[in-house]
>>> print(open('final.cif').read())   # mmCIF, C-alpha atoms
data_query
#
loop_
_atom_site.group_PDB
_atom_site.id
_atom_site.type_symbol
_atom_site.label_atom_id
_atom_site.label_comp_id
_atom_site.auth_asym_id
_atom_site.auth_seq_id
_atom_site.Cartn_x
_atom_site.Cartn_y
_atom_site.Cartn_z
ATOM 1 C CA MET A 20 0.000 0.000 0.000
ATOM 2 C CA THR A 21 1.016 3.633 -0.471
ATOM 3 C CA THR A 22 3.089 4.778 2.505
ATOM 4 C CA ASP A 23 4.336 8.246 1.564
ATOM 5 C CA THR A 24 3.232 11.145 3.749
ATOM 6 C CA GLN A 25 0.857 9.236 5.981
ATOM 7 C CA PRO A 26 -1.014 10.950 8.848
ATOM 8 C CA SER A 27 0.808 11.211 12.139
ATOM 9 C CA LEU A 28 -0.329 12.237 15.595
ATOM 10 C CA SER A 29 1.341 14.184 18.327
ATOM 11 C CA PRO A 30 1.695 12.289 21.631
ATOM 12 C CA GLU A 31 -1.143 14.401 23.048
ATOM 13 C CA GLN A 32 -3.432 13.689 20.083
ATOM 14 C CA ASP A 33 -2.619 9.997 20.199
ATOM 15 C CA ALA A 34 -3.379 9.822 23.912
ATOM 16 C CA PHE A 35 -6.664 11.684 23.421
ATOM 17 C CA LEU A 36 -7.866 9.431 20.604
ATOM 18 C CA ARG A 37 -6.901 6.260 22.464
ATOM 19 C CA GLU A 38 -8.647 7.177 25.711
ATOM 20 C CA ARG A 39 -11.841 5.196 26.254
ATOM 21 C CA SER A 40 -14.600 5.812 28.768
ATOM 22 C CA ASP A 41 -16.822 3.372 30.644
ATOM 23 C CA TRP A 42 -19.296 6.188 31.243
ATOM 24 C CA MET A 43 -19.519 7.109 27.586
ATOM 25 C CA GLY A 44 -19.812 3.465 26.585
ATOM 26 C CA ALA A 45 -22.682 2.977 29.019
ATOM 27 C CA TYR A 46 -24.357 6.150 27.777
ATOM 28 C CA LEU A 47 -24.189 5.038 24.138
ATOM 29 C CA VAL A 48 -25.673 1.603 24.883
ATOM 30 C CA LEU A 49 -28.437 3.152 27.008
ATOM 31 C CA HIS A 50 -29.034 5.773 24.326
ATOM 32 C CA ALA A 51 -29.570 3.116 21.642
ATOM 33 C CA TRP A 52 -32.048 1.156 23.754
ATOM 34 C CA GLY A 53 -33.720 4.343 25.002
ATOM 35 C CA VAL A 54 -34.365 5.564 21.458
ATOM 36 C CA ILE A 55 -35.783 2.149 20.537
ATOM 37 C CA ALA A 56 -38.131 2.227 23.546
ATOM 38 C CA LEU A 57 -39.260 5.791 22.778
ATOM 39 C CA ALA A 58 -39.909 4.945 19.125
ATOM 40 C CA MET A 59 -42.006 1.965 20.175
ATOM 41 C CA ALA A 60 -43.937 4.128 22.635
ATOM 42 C CA PHE A 61 -44.459 6.771 19.950
ATOM 43 C CA PHE A 62 -46.390 4.356 17.753
ATOM 44 C CA ILE A 63 -48.204 2.679 20.653
ATOM 45 C CA VAL A 64 -49.510 6.030 21.903
ATOM 46 C CA TRP A 65 -50.239 7.487 18.437
ATOM 47 C CA PRO A 66 -50.985 4.490 16.187
ATOM 48 C CA ASN A 67 -51.289 5.490 12.535
ATOM 49 C CA PRO A 68 -49.470 4.625 9.285
ATOM 50 C CA LEU A 69 -47.101 7.611 9.493
ATOM 51 C CA SER A 70 -46.071 6.982 13.098
ATOM 52 C CA PHE A 71 -45.536 3.309 12.218
ATOM 53 C CA ILE A 72 -43.167 4.196 9.373
ATOM 54 C CA VAL A 73 -41.309 6.633 11.633
ATOM 55 C CA ALA A 74 -41.012 3.984 14.352
ATOM 56 C CA VAL A 75 -39.715 1.324 11.947
ATOM 57 C CA VAL A 76 -37.117 3.705 10.470
ATOM 58 C CA VAL A 77 -35.920 4.952 13.865
ATOM 59 C CA ILE A 78 -35.814 1.487 15.428
ATOM 60 C CA GLY A 79 -34.051 -0.024 12.419
ATOM 61 C CA GLY A 80 -31.511 2.794 12.643
ATOM 62 C CA ARG A 81 -30.839 2.059 16.314
ATOM 63 C CA GLN A 82 -30.608 -1.666 15.593
ATOM 64 C CA LEU A 83 -27.816 -0.764 13.211
ATOM 65 C CA GLY A 84 -26.537 1.469 16.027
ATOM 66 C CA LEU A 85 -26.318 -1.578 18.307
ATOM 67 C CA ALA A 86 -24.316 -3.382 15.620
ATOM 68 C CA ILE A 87 -22.032 -0.329 15.372
ATOM 69 C CA LEU A 88 -21.478 -0.367 19.128
ATOM 70 C CA MET A 89 -20.688 -4.085 18.958
ATOM 71 C CA HIS A 90 -18.190 -3.173 16.228
ATOM 72 C CA ASP A 91 -16.579 -0.724 18.653
ATOM 73 C CA ALA A 92 -16.470 -3.501 21.236
ATOM 74 C CA ALA A 93 -14.703 -5.713 18.679
ATOM 75 C CA HIS A 94 -11.915 -3.112 18.717
ATOM 76 C CA ARG A 95 -12.143 -2.989 22.537
ATOM 77 C CA ALA A 96 -13.052 0.694 22.224
ATOM 78 C CA LEU A 97 -16.605 0.713 23.619
ATOM 79 C CA PHE A 98 -15.634 0.416 27.305
ATOM 80 C CA LYS A 99 -12.327 0.955 29.045
ATOM 81 C CA ASN A 100 -12.990 -2.079 31.222
ATOM 82 C CA THR A 101 -12.319 -5.180 29.109
ATOM 83 C CA ARG A 102 -14.914 -7.337 30.857
ATOM 84 C CA LEU A 103 -17.595 -4.690 30.428
ATOM 85 C CA ASN A 104 -16.551 -4.173 26.826
ATOM 86 C CA ASP A 105 -16.839 -7.834 25.855
ATOM 87 C CA THR A 106 -19.865 -8.720 27.993
ATOM 88 C CA LEU A 107 -22.090 -5.737 27.236
ATOM 89 C CA GLY A 108 -20.840 -5.502 23.664
ATOM 90 C CA ALA A 109 -21.988 -9.080 23.117
ATOM 91 C CA PHE A 110 -25.174 -9.326 25.150
ATOM 92 C CA LEU A 111 -26.648 -5.833 24.833
ATOM 93 C CA CYS A 112 -25.371 -4.888 21.386
ATOM 94 C CA GLY A 113 -24.569 -7.906 19.239
ATOM 95 C CA TRP A 114 -26.839 -10.774 20.181
ATOM 96 C CA PRO A 115 -30.170 -8.883 20.094
ATOM 97 C CA VAL A 116 -29.611 -8.149 16.389
ATOM 98 C CA GLY A 117 -28.222 -11.596 15.624
ATOM 99 C CA ALA A 118 -24.504 -10.756 15.602
ATOM 100 C CA SER A 119 -21.806 -12.599 17.549
ATOM 101 C CA LEU A 120 -18.951 -10.485 18.902
ATOM 102 C CA THR A 121 -16.810 -13.624 19.315
ATOM 103 C CA LEU A 122 -17.155 -14.577 15.654
ATOM 104 C CA TYR A 123 -17.123 -11.028 14.338
ATOM 105 C CA ARG A 124 -13.873 -9.856 15.962
ATOM 106 C CA PRO A 125 -11.320 -12.052 14.108
ATOM 107 C CA TYR A 126 -13.218 -11.673 10.834
ATOM 108 C CA HIS A 127 -13.356 -7.898 11.129
ATOM 109 C CA LEU A 128 -9.742 -7.472 12.218
ATOM 110 C CA SER A 129 -8.738 -9.432 9.124
ATOM 111 C CA HIS A 130 -10.666 -6.862 7.086
ATOM 112 C CA HIS A 131 -8.589 -4.111 8.695
ATOM 113 C CA ARG A 132 -5.300 -5.894 8.027
ATOM 114 C CA HIS A 133 -6.126 -6.435 4.339
ATOM 115 C CA THR A 134 -8.458 -3.571 3.444
ATOM 116 C CA GLN A 135 -9.518 -3.781 -0.222
ATOM 117 C CA GLN A 136 -6.845 -6.387 -0.940
ATOM 118 C CA THR A 137 -7.462 -9.913 -2.226
ATOM 119 C CA GLU A 138 -7.267 -11.272 1.344
ATOM 120 C CA ASP A 139 -9.957 -8.878 2.598
ATOM 121 C CA PRO A 140 -12.988 -10.971 3.690
ATOM 122 C CA ASP A 141 -15.221 -7.942 3.019
ATOM 123 C CA LEU A 142 -14.001 -7.444 -0.541
ATOM 124 C CA ILE A 143 -17.052 -9.336 -1.803
ATOM 125 C CA LEU A 144 -19.190 -6.440 -0.531
ATOM 126 C CA SER A 145 -17.440 -3.756 -2.579
ATOM 127 C CA ALA A 146 -15.980 -5.596 -5.578
ATOM 128 C CA PRO A 147 -19.215 -5.793 -7.662
ATOM 129 C CA PHE A 148 -19.606 -2.003 -7.800
ATOM 130 C CA PRO A 149 -20.441 0.026 -9.767
ATOM 131 C CA ILE A 150 -23.616 -1.807 -10.736
ATOM 132 C CA THR A 151 -26.685 -0.806 -12.725
ATOM 133 C CA ARG A 152 -29.612 1.031 -11.214
ATOM 134 C CA GLN A 153 -31.848 -1.919 -12.022
ATOM 135 C CA SER A 154 -29.655 -4.284 -10.017
ATOM 136 C CA PHE A 155 -29.482 -1.839 -7.105
ATOM 137 C CA TRP A 156 -33.243 -1.323 -6.932
ATOM 138 C CA ARG A 157 -33.866 -5.059 -7.064
ATOM 139 C CA LYS A 158 -31.655 -5.408 -4.008
ATOM 140 C CA MET A 159 -33.405 -2.518 -2.269
ATOM 141 C CA ARG A 160 -36.809 -4.043 -2.974
ATOM 142 C CA ARG A 161 -35.741 -7.376 -1.480
ATOM 143 C CA ASP A 162 -34.298 -5.564 1.537
ATOM 144 C CA ILE A 163 -37.392 -3.495 2.329
ATOM 145 C CA LEU A 164 -39.730 -6.459 1.809
ATOM 146 C CA GLY A 165 -37.773 -8.541 4.311
ATOM 147 C CA ILE A 166 -36.658 -11.076 1.713
ATOM 148 C CA THR A 167 -32.949 -10.357 2.229
ATOM 149 C CA GLY A 168 -33.261 -10.514 6.021
ATOM 150 C CA TYR A 169 -35.078 -13.840 5.864
ATOM 151 C CA GLN A 170 -32.629 -15.339 3.372
ATOM 152 C CA ARG A 171 -29.632 -14.210 5.426
ATOM 153 C CA ARG A 172 -31.008 -15.841 8.565
ATOM 154 C CA MET A 173 -31.678 -19.064 6.661
ATOM 155 C CA GLU A 174 -28.118 -19.001 5.298
ATOM 156 C CA PHE A 175 -26.753 -18.553 8.825
ATOM 157 C CA PHE A 176 -28.952 -21.363 10.138
ATOM 158 C CA ARG A 177 -27.793 -23.798 7.443
ATOM 159 C CA MET A 178 -24.160 -22.886 8.062
ATOM 160 C CA GLU A 179 -24.531 -23.251 11.837
ATOM 161 C CA MET A 180 -26.305 -26.603 11.597
ATOM 162 C CA GLY A 181 -23.415 -28.051 9.618
ATOM 163 C CA ASN A 182 -23.396 -31.317 7.695
ATOM 164 C CA ASP A 183 -23.616 -33.810 10.544
ATOM 165 C CA PRO A 184 -25.589 -36.889 9.423
ATOM 166 C CA SER A 185 -27.575 -36.761 12.669
ATOM 167 C CA ARG A 186 -30.576 -34.446 12.440
ATOM 168 C CA LEU A 187 -30.583 -34.120 16.241
ATOM 169 C CA GLN A 188 -26.945 -33.030 16.240
ATOM 170 C CA ARG A 189 -27.637 -30.440 13.540
ATOM 171 C CA TRP A 190 -30.413 -28.952 15.685
ATOM 172 C CA LYS A 191 -28.080 -28.971 18.698
ATOM 173 C CA ASN A 192 -25.477 -27.117 16.643
ATOM 174 C CA LEU A 193 -28.068 -24.529 15.663
ATOM 175 C CA PHE A 194 -29.209 -24.039 19.249
ATOM 176 C CA GLN A 195 -25.645 -23.586 20.483
ATOM 177 C CA ALA A 196 -24.983 -20.982 17.798
ATOM 178 C CA GLU A 197 -28.251 -19.080 18.265
ATOM 179 C CA LYS A 198 -29.005 -19.505 21.980
ATOM 180 C CA TYR A 199 -27.978 -15.984 22.968
ATOM 181 C CA PHE A 200 -29.888 -14.419 20.083
ATOM 182 C CA LEU A 201 -32.911 -16.469 21.186
ATOM 183 C CA LEU A 202 -32.436 -15.521 24.837
ATOM 184 C CA SER A 203 -32.050 -11.800 24.187
ATOM 185 C CA ASN A 204 -35.098 -11.779 21.921
ATOM 186 C CA LEU A 205 -37.139 -13.696 24.477
ATOM 187 C CA VAL A 206 -36.263 -10.948 26.967
ATOM 188 C CA ILE A 207 -37.523 -8.295 24.525
ATOM 189 C CA LEU A 208 -40.698 -10.324 23.974
ATOM 190 C CA ALA A 209 -41.156 -10.704 27.728
ATOM 191 C CA ILE A 210 -40.780 -6.959 28.295
ATOM 192 C CA THR A 211 -43.300 -6.054 25.605
ATOM 193 C CA THR A 212 -45.685 -8.737 26.906
ATOM 194 C CA ALA A 213 -45.381 -7.433 30.477
ATOM 195 C CA ALA A 214 -46.184 -3.959 29.120
ATOM 196 C CA GLY A 215 -49.359 -5.345 27.534
ATOM 197 C CA VAL A 216 -48.129 -4.922 23.941
ATOM 198 C CA TRP A 217 -46.768 -8.377 23.027
ATOM 199 C CA TRP A 218 -47.347 -7.603 19.348
ATOM 200 C CA ALA A 219 -44.764 -4.799 19.505
ATOM 201 C CA TYR A 220 -41.985 -7.398 19.546
ATOM 202 C CA PHE A 221 -43.052 -8.633 16.109
ATOM 203 C CA ALA A 222 -44.166 -5.327 14.557
ATOM 204 C CA LEU A 223 -41.626 -2.988 16.167
ATOM 205 C CA TRP A 224 -38.572 -5.192 16.682
ATOM 206 C CA LEU A 225 -38.490 -8.130 14.267
ATOM 207 C CA LEU A 226 -40.012 -6.220 11.353
ATOM 208 C CA PRO A 227 -37.456 -3.351 11.437
ATOM 209 C CA LEU A 228 -34.676 -5.928 11.866
ATOM 210 C CA LEU A 229 -35.781 -7.763 8.729
ATOM 211 C CA THR A 230 -36.479 -4.642 6.654
ATOM 212 C CA TRP A 231 -35.038 -1.184 7.341
ATOM 213 C CA TYR A 232 -31.988 -2.599 9.112
ATOM 214 C CA GLN A 233 -31.170 -4.524 5.923
ATOM 215 C CA VAL A 234 -31.624 -1.435 3.745
ATOM 216 C CA ILE A 235 -29.314 0.810 5.721
ATOM 217 C CA SER A 236 -26.767 -1.964 6.293
ATOM 218 C CA ARG A 237 -26.452 -2.254 2.517
ATOM 219 C CA VAL A 238 -26.130 1.522 2.090
ATOM 220 C CA ARG A 239 -23.514 1.608 4.835
ATOM 221 C CA ASN A 240 -21.491 -1.187 3.196
ATOM 222 C CA ILE A 241 -21.599 0.597 -0.161
ATOM 223 C CA ALA A 242 -20.557 3.928 1.335
ATOM 224 C CA GLU A 243 -17.591 2.530 3.227
ATOM 225 C CA HIS A 244 -15.611 0.796 0.466
ATOM 226 C CA ALA A 245 -17.449 0.627 -2.861
ATOM 227 C CA VAL A 246 -16.103 2.637 -5.836
ATOM 228 C CA VAL A 247 -13.279 4.167 -3.802
ATOM 229 C CA GLY A 248 -10.369 6.006 -5.408
ATOM 230 C CA ASP A 249 -7.395 3.699 -4.839
ATOM 231 C CA ASN A 250 -7.425 0.274 -3.177
ATOM 232 C CA ASP A 251 -3.726 0.616 -2.324
ATOM 233 C CA ASP A 252 -3.850 4.036 -0.640
ATOM 234 C CA ARG A 253 -4.972 4.125 3.000
ATOM 235 C CA LEU A 254 -6.429 7.585 2.429
ATOM 236 C CA ARG A 255 -8.422 6.455 -0.622
ATOM 237 C CA ASN A 256 -9.460 2.814 -0.041
ATOM 238 C CA THR A 257 -11.984 3.762 2.626
ATOM 239 C CA ARG A 258 -14.577 6.528 2.517
ATOM 240 C CA THR A 259 -15.889 9.072 4.974
ATOM 241 C CA THR A 260 -19.353 10.328 4.080
ATOM 242 C CA LEU A 261 -20.067 13.836 5.321
ATOM 243 C CA THR A 262 -23.753 14.258 6.000
ATOM 244 C CA ASN A 263 -26.282 16.071 8.148
ATOM 245 C CA TRP A 264 -27.852 15.169 11.481
ATOM 246 C CA GLY A 265 -31.049 13.817 9.946
ATOM 247 C CA MET A 266 -29.250 11.407 7.640
ATOM 248 C CA ARG A 267 -27.009 10.266 10.482
ATOM 249 C CA MET A 268 -30.136 9.592 12.534
ATOM 250 C CA VAL A 269 -31.618 7.162 10.017
ATOM 251 C CA LEU A 270 -28.568 5.910 8.084
ATOM 252 C CA ALA A 271 -25.334 6.393 10.019
ATOM 253 C CA PRO A 272 -25.732 6.138 13.819
ATOM 254 C CA TYR A 273 -22.879 6.690 16.242
ATOM 255 C CA TRP A 274 -20.517 8.386 13.788
ATOM 256 C CA VAL A 275 -20.145 5.332 11.539
ATOM 257 C CA ASN A 276 -19.948 7.684 8.554
ATOM 258 C CA TYR A 277 -16.373 8.601 9.642
ATOM 259 C CA HIS A 278 -15.095 5.306 8.290
ATOM 260 C CA LEU A 279 -11.793 6.540 6.855
ATOM 261 C CA GLU A 280 -10.810 7.924 10.262
ATOM 262 C CA HIS A 281 -11.792 4.621 11.860
ATOM 263 C CA HIS A 282 -9.483 2.697 9.532
ATOM 264 C CA LEU A 283 -6.579 5.046 10.172
ATOM 265 C CA PHE A 284 -7.062 5.076 13.950
ATOM 266 C CA VAL A 285 -8.680 1.721 14.774
ATOM 267 C CA PHE A 286 -8.146 2.236 18.492
ATOM 268 C CA THR A 287 -10.367 5.336 18.601
ATOM 269 C CA PRO A 288 -13.859 5.121 20.153
ATOM 270 C CA CYS A 289 -16.623 6.021 17.704
ATOM 271 C CA TRP A 290 -17.544 9.202 19.556
ATOM 272 C CA LYS A 291 -14.045 10.627 18.963
ATOM 273 C CA LEU A 292 -14.013 10.040 15.205
ATOM 274 C CA PRO A 293 -15.227 13.601 14.390
ATOM 275 C CA ALA A 294 -12.204 14.910 16.332
ATOM 276 C CA ALA A 295 -9.937 12.572 14.365
ATOM 277 C CA HIS A 296 -11.446 13.978 11.164
ATOM 278 C CA ARG A 297 -10.703 17.538 12.263
ATOM 279 C CA MET A 298 -7.107 16.552 13.053
ATOM 280 C CA LEU A 299 -6.629 15.152 9.551
ATOM 281 C CA ILE A 300 -8.111 18.238 7.918
ATOM 282 C CA ALA A 301 -5.897 20.478 10.081
ATOM 283 C CA GLN A 302 -2.846 18.531 8.842
ATOM 284 C CA GLY A 303 -3.861 19.278 5.245
ATOM 285 C CA PHE A 304 -4.900 15.747 4.260
ATOM 286 C CA GLY A 305 -8.392 16.777 3.116
ATOM 287 C CA PRO A 306 -7.608 16.852 -0.656
ATOM 288 C CA ARG A 307 -6.068 13.361 -0.483
ATOM 289 C CA MET A 308 -8.880 11.776 1.520
ATOM 290 C CA GLU A 309 -11.767 9.788 0.030
ATOM 291 C CA LEU A 310 -14.606 12.068 1.110
ATOM 292 C CA ALA A 311 -18.191 12.169 -0.135
ATOM 293 C CA PRO A 312 -20.630 15.060 0.362
ATOM 294 C CA GLY A 313 -23.494 12.704 1.257
ATOM 295 C CA TYR A 314 -25.005 9.270 0.769
ATOM 296 C CA VAL A 315 -26.863 10.296 -2.380
ATOM 297 C CA ALA A 316 -23.545 11.209 -4.014
ATOM 298 C CA VAL A 317 -22.073 7.824 -3.056
ATOM 299 C CA LEU A 318 -25.062 5.916 -4.401
ATOM 300 C CA ARG A 319 -24.876 7.813 -7.684
ATOM 301 C CA GLN A 320 -21.331 6.518 -8.110
ATOM 302 C CA ALA A 321 -22.310 3.020 -7.009
ATOM 303 C CA VAL A 322 -25.055 2.710 -9.649
ATOM 304 C CA SER A 323 -23.165 4.441 -12.463
ATOM 305 C CA ASN A 324 -22.618 1.319 -14.574
ATOM 306 C CA PRO A 325 -25.070 1.640 -17.493
ATOM 307 C CA ASN A 326 -24.261 -1.630 -19.240
ATOM 308 C CA ASN A 327 -23.212 -4.448 -16.941
ATOM 309 C CA ASP A 328 -26.134 -5.810 -14.917
ATOM 310 C CA PRO A 329 -24.534 -8.537 -12.764
ATOM 311 C CA ASP A 330 -27.942 -10.196 -12.217
ATOM 312 C CA HIS A 331 -28.859 -10.375 -15.903
ATOM 313 C CA GLY A 332 -29.257 -13.945 -17.095
ATOM 314 C CA LYS A 333 -28.929 -15.489 -13.639
ATOM 315 C CA SER A 334 -31.305 -18.086 -12.297
ATOM 316 C CA GLY A 335 -33.688 -17.280 -9.459
ATOM 317 C CA ASN A 336 -31.397 -18.924 -6.880
ATOM 318 C CA GLN A 337 -28.365 -17.077 -8.219
ATOM 319 C CA ARG A 338 -30.220 -13.773 -7.962
ATOM 320 C CA LYS A 339 -31.237 -14.560 -4.401
ATOM 321 C CA ARG A 340 -27.607 -15.210 -3.472
ATOM 322 C CA ALA A 341 -26.479 -12.010 -5.239
ATOM 323 C CA ALA A 342 -29.044 -10.023 -3.249
ATOM 324 C CA LEU A 343 -27.314 -11.000 -0.027
ATOM 325 C CA ILE A 344 -24.149 -9.051 -0.887
#
>>> encode(input="final.cif", output="structure tokens")
Amino acid sequence: MTTDTQPSLSPEQDAFLRERSDWMGAYLVLHAWGVIALAMAFFIVWPNPLSFIVAVVVIGGRQLGLAILMHDAAHRALFKNTRLNDTLGAFLCGWPVGASLTLYRPYHLSHHRHTQQTEDPDLILSAPFPITRQSFWRKMRRDILGITGYQRRMEFFRMEMGNDPSRLQRWKNLFQAEKYFLLSNLVILAITTAAGVWWAYFALWLLPLLTWYQVISRVRNIAEHAVVGDNDDRLRNTRTTLTNWGMRMVLAPYWVNYHLEHHLFVFTPCWKLPAAHRMLIAQGFGPRMELAPGYVAVLRQAVSNPNNDPDHGKSGNQRKRAALI
């Protein structure tokens, strides 16, 4: 990778960006769950189609927020205390949305070691771009209808069950892999049932998880590494998307849009990434950085291929598999 004139930090800047906080970590986790609870209450108190759409969008955004906080925990940046970081990052952030911190950490750190290189396990997410608008909107339609979410869970289940000839053993494998997801979701169901709104678990938790969460996860993946400037330059193989508060609320919770800064300073908690961005700009790296003025601008680049529709001519099963990435 390109190594000339790379960003450097003063000892004071380095110490500031490395410093984690148990209090801030706790606040962020409570904030995510608090917003989810308020969004649920919003629809329960004022039930109508508009409030339902608002609730689904806000809750799906915070479900992605929980995944982002688990991502911080994977870098041991969510809490200063390691036990708190790994325990709360797994049980309050990862498992409720079906993500395992234990499995995610080695996979994700490999992505950081080999960003946009052939060894990058996430390269499959960015390599197909740019694609056609038709291909993109097919994927979006499957996402918002819950088809992608359902297919992904089925893929995970088949992988977790394995190929043991014993059906009982395959079910045991599945239970072992999914027991914490099941437990955390049973707790959510129990809370909504105790509140007299058992249906809210299905309409205001599972539905956003299978729909809006899938939509914004795809947009996030595209924005971070698709159609970047130079796969071999650390300042160009990852993108930061500059956007407003409203877009961050529904698309990019907890400063995940500062992805270039995260790759350069992997030890930095998410809430300090805006400061890292300001440091880079102050050092004059702005013109060399892969920056986008918003998610619409990124998506325009991502769907700028007018001729090559990667789904054209594929069978139904092949299209289903392509929709997952």
>>> closest_residue(input="final.cif", among="A:Arg186, A:Leu142, A:Phe62, A:Phe304", to="Ser129 (chain A)", atoms="all atoms listed in the file")
A:Leu142
>>> closest_atom_pairs(input="final.cif", of="region 164-250 of chain A", to="region 81-105 of chain A", cutoff="10 Å", atoms="only C-alpha atoms", output="JSON lines")
{"residue": "A:Trp224", "atom": "CA", "partner": "A:Gln82", "partner_atom": "CA", "distance": 8.8}
{"residue": "A:Pro227", "atom": "CA", "partner": "A:Gln82", "partner_atom": "CA", "distance": 8.2}
{"residue": "A:Leu228", "atom": "CA", "partner": "A:Gln82", "partner_atom": "CA", "distance": 7.0}
{"residue": "A:Trp231", "atom": "CA", "partner": "A:Leu83", "partner_atom": "CA", "distance": 9.3}
{"residue": "A:Tyr232", "atom": "CA", "partner": "A:Leu83", "partner_atom": "CA", "distance": 6.1}
{"residue": "A:Gln233", "atom": "CA", "partner": "A:Leu83", "partner_atom": "CA", "distance": 8.9}
{"residue": "A:Ile235", "atom": "CA", "partner": "A:Leu83", "partner_atom": "CA", "distance": 7.8}
{"residue": "A:Ser236", "atom": "CA", "partner": "A:Leu83", "partner_atom": "CA", "distance": 7.1}
{"residue": "A:Arg239", "atom": "CA", "partner": "A:Leu83", "partner_atom": "CA", "distance": 9.7}
>>> residues_near_point(input="final.cif", point="(-7.0, 7.3, 21.1)", cutoff="8 Å", atoms="only C-alpha atoms", output="list in words")
Gln32, Asp33, Ala34, Phe35, Leu36, Arg37, Glu38, Arg39, Phe284, Phe286, Thr287 and Pro288 of chain A
>>> write_last_selection(input="final.cif", atoms="C-alpha atoms", output="short mmCIF file (atom, residue, chain, number, x, y, z; two decimals), in the frame of the given file")
data_model
loop_
_atom_site.label_atom_id
_atom_site.label_comp_id
_atom_site.auth_asym_id
_atom_site.auth_seq_id
_atom_site.Cartn_x
_atom_site.Cartn_y
_atom_site.Cartn_z
CA GLN A 32 -3.43 13.69 20.08
CA ASP A 33 -2.62 10.00 20.20
CA ALA A 34 -3.38 9.82 23.91
CA PHE A 35 -6.66 11.68 23.42
CA LEU A 36 -7.87 9.43 20.60
CA ARG A 37 -6.90 6.26 22.46
CA GLU A 38 -8.65 7.18 25.71
CA ARG A 39 -11.84 5.20 26.25
CA PHE A 284 -7.06 5.08 13.95
CA PHE A 286 -8.15 2.24 18.49
CA THR A 287 -10.37 5.34 18.60
CA PRO A 288 -13.86 5.12 20.15
#
>>> closest_atom_pairs(input="final.cif", of="region 62-111 of chain A", to="region 189-205 of chain A", cutoff="10 Å", atoms="all atoms listed in the file", output="tab-separated table")
residue	atom	partner	partner_atom	distance
A:Ala109	CA	A:Tyr199	CA	9.1
A:Phe110	CA	A:Ser203	CA	7.4
A:Leu111	CA	A:Ser203	CA	8.1
>>> residues_around(input="final.cif", residues="region 162-164 of chain A", least_positions_apart="4", cutoff="12 Å", atoms="all atoms listed in the file", output="PyMOL selection string")
chain A and resi 72+75-76+79+155-158+168-171+226-238+339+342-344
>>> atom_distance(input="final.cif", atom1="CA of Ala58 (chain A)", atom2="CA of Gly117 (chain A)")
20.6 Å
>>> atom_distance(input="final.cif", atom1="CA of Asp251 (chain A)", atom2="CA of Gln136 (chain A)")
7.8 Å
>>> axis_aligned_box(input="final.cif", around="region 206-214 of chain A", padding_each_side="5 Å", output="JSON")
{"center_x": -41.2, "center_y": -7.5, "center_z": 27.2, "size_x": 19.9, "size_y": 17.0, "size_z": 16.5}
>>> closest_residue(input="final.cif", among="A:Asp183, A:Pro149, A:Ile55, A:Leu128", to="Val285 (chain A)", atoms="only C-alpha atoms")
A:Leu128
>>> atom_distance(input="final.cif", atom1="CA of Ala321 (chain A)", atom2="CA of Leu283 (chain A)")
23.4 Å
>>> residues_around(input="final.cif", residues="Thr106 (chain A)", least_positions_apart="6", cutoff="10 Å", atoms="only C-alpha atoms", output="list in words")
Ala92, Cys112, Gly113 and Leu120 of chain A
>>> residues_near_point(input="final.cif", point="(-21.4, 9.0, 14.2)", cutoff="9 Å", atoms="all atoms listed in the file", output="CSV table (one decimal) with C-alpha atoms, in the coordinates of the input")
chain,number,residue,atom,x,y,z
A,267,ARG,CA,-27.0,10.3,10.5
A,268,MET,CA,-30.1,9.6,12.5
A,271,ALA,CA,-25.3,6.4,10.0
A,272,PRO,CA,-25.7,6.1,13.8
A,273,TYR,CA,-22.9,6.7,16.2
A,274,TRP,CA,-20.5,8.4,13.8
A,275,VAL,CA,-20.1,5.3,11.5
A,276,ASN,CA,-19.9,7.7,8.6
A,277,TYR,CA,-16.4,8.6,9.6
A,289,CYS,CA,-16.6,6.0,17.7
A,290,TRP,CA,-17.5,9.2,19.6
A,291,LYS,CA,-14.0,10.6,19.0
A,292,LEU,CA,-14.0,10.0,15.2
A,293,PRO,CA,-15.2,13.6,14.4
>>> closest_residue(input="final.cif", among="A:Asn182, A:Thr259, A:Ser40, A:Gln302", to="Ala316 (chain A)", atoms="all atoms listed in the file")
A:Thr259
>>> resolve_selection(input="final.cif", expression="the PyMOL selection byres ((chain A and resi 152) around 12)", output="number ranges by chain")
A: 148-151, 153-159, 318-330
>>> resolve_selection(input="final.cif", expression="the PyMOL selection byres ((chain A and resi 208-212) around 12)", output="list in words")
Ala56, Met59, Ala60, Ile63, Pro115, Leu201, Leu202, Ser203, Asn204, Leu205, Val206, Ile207, Ala213, Ala214, Gly215, Val216, Trp217, Trp218, Ala219, Tyr220, Phe221, Ala222, Leu223, Trp224 and Leu225 of chain A
>>> residues_around(input="final.cif", residues="Val317 (chain A)", least_positions_apart="5", cutoff="10 Å", atoms="all atoms listed in the file", output="PyMOL selection string")
chain A and resi 238+241-243+245-247+258+260+310-312+322
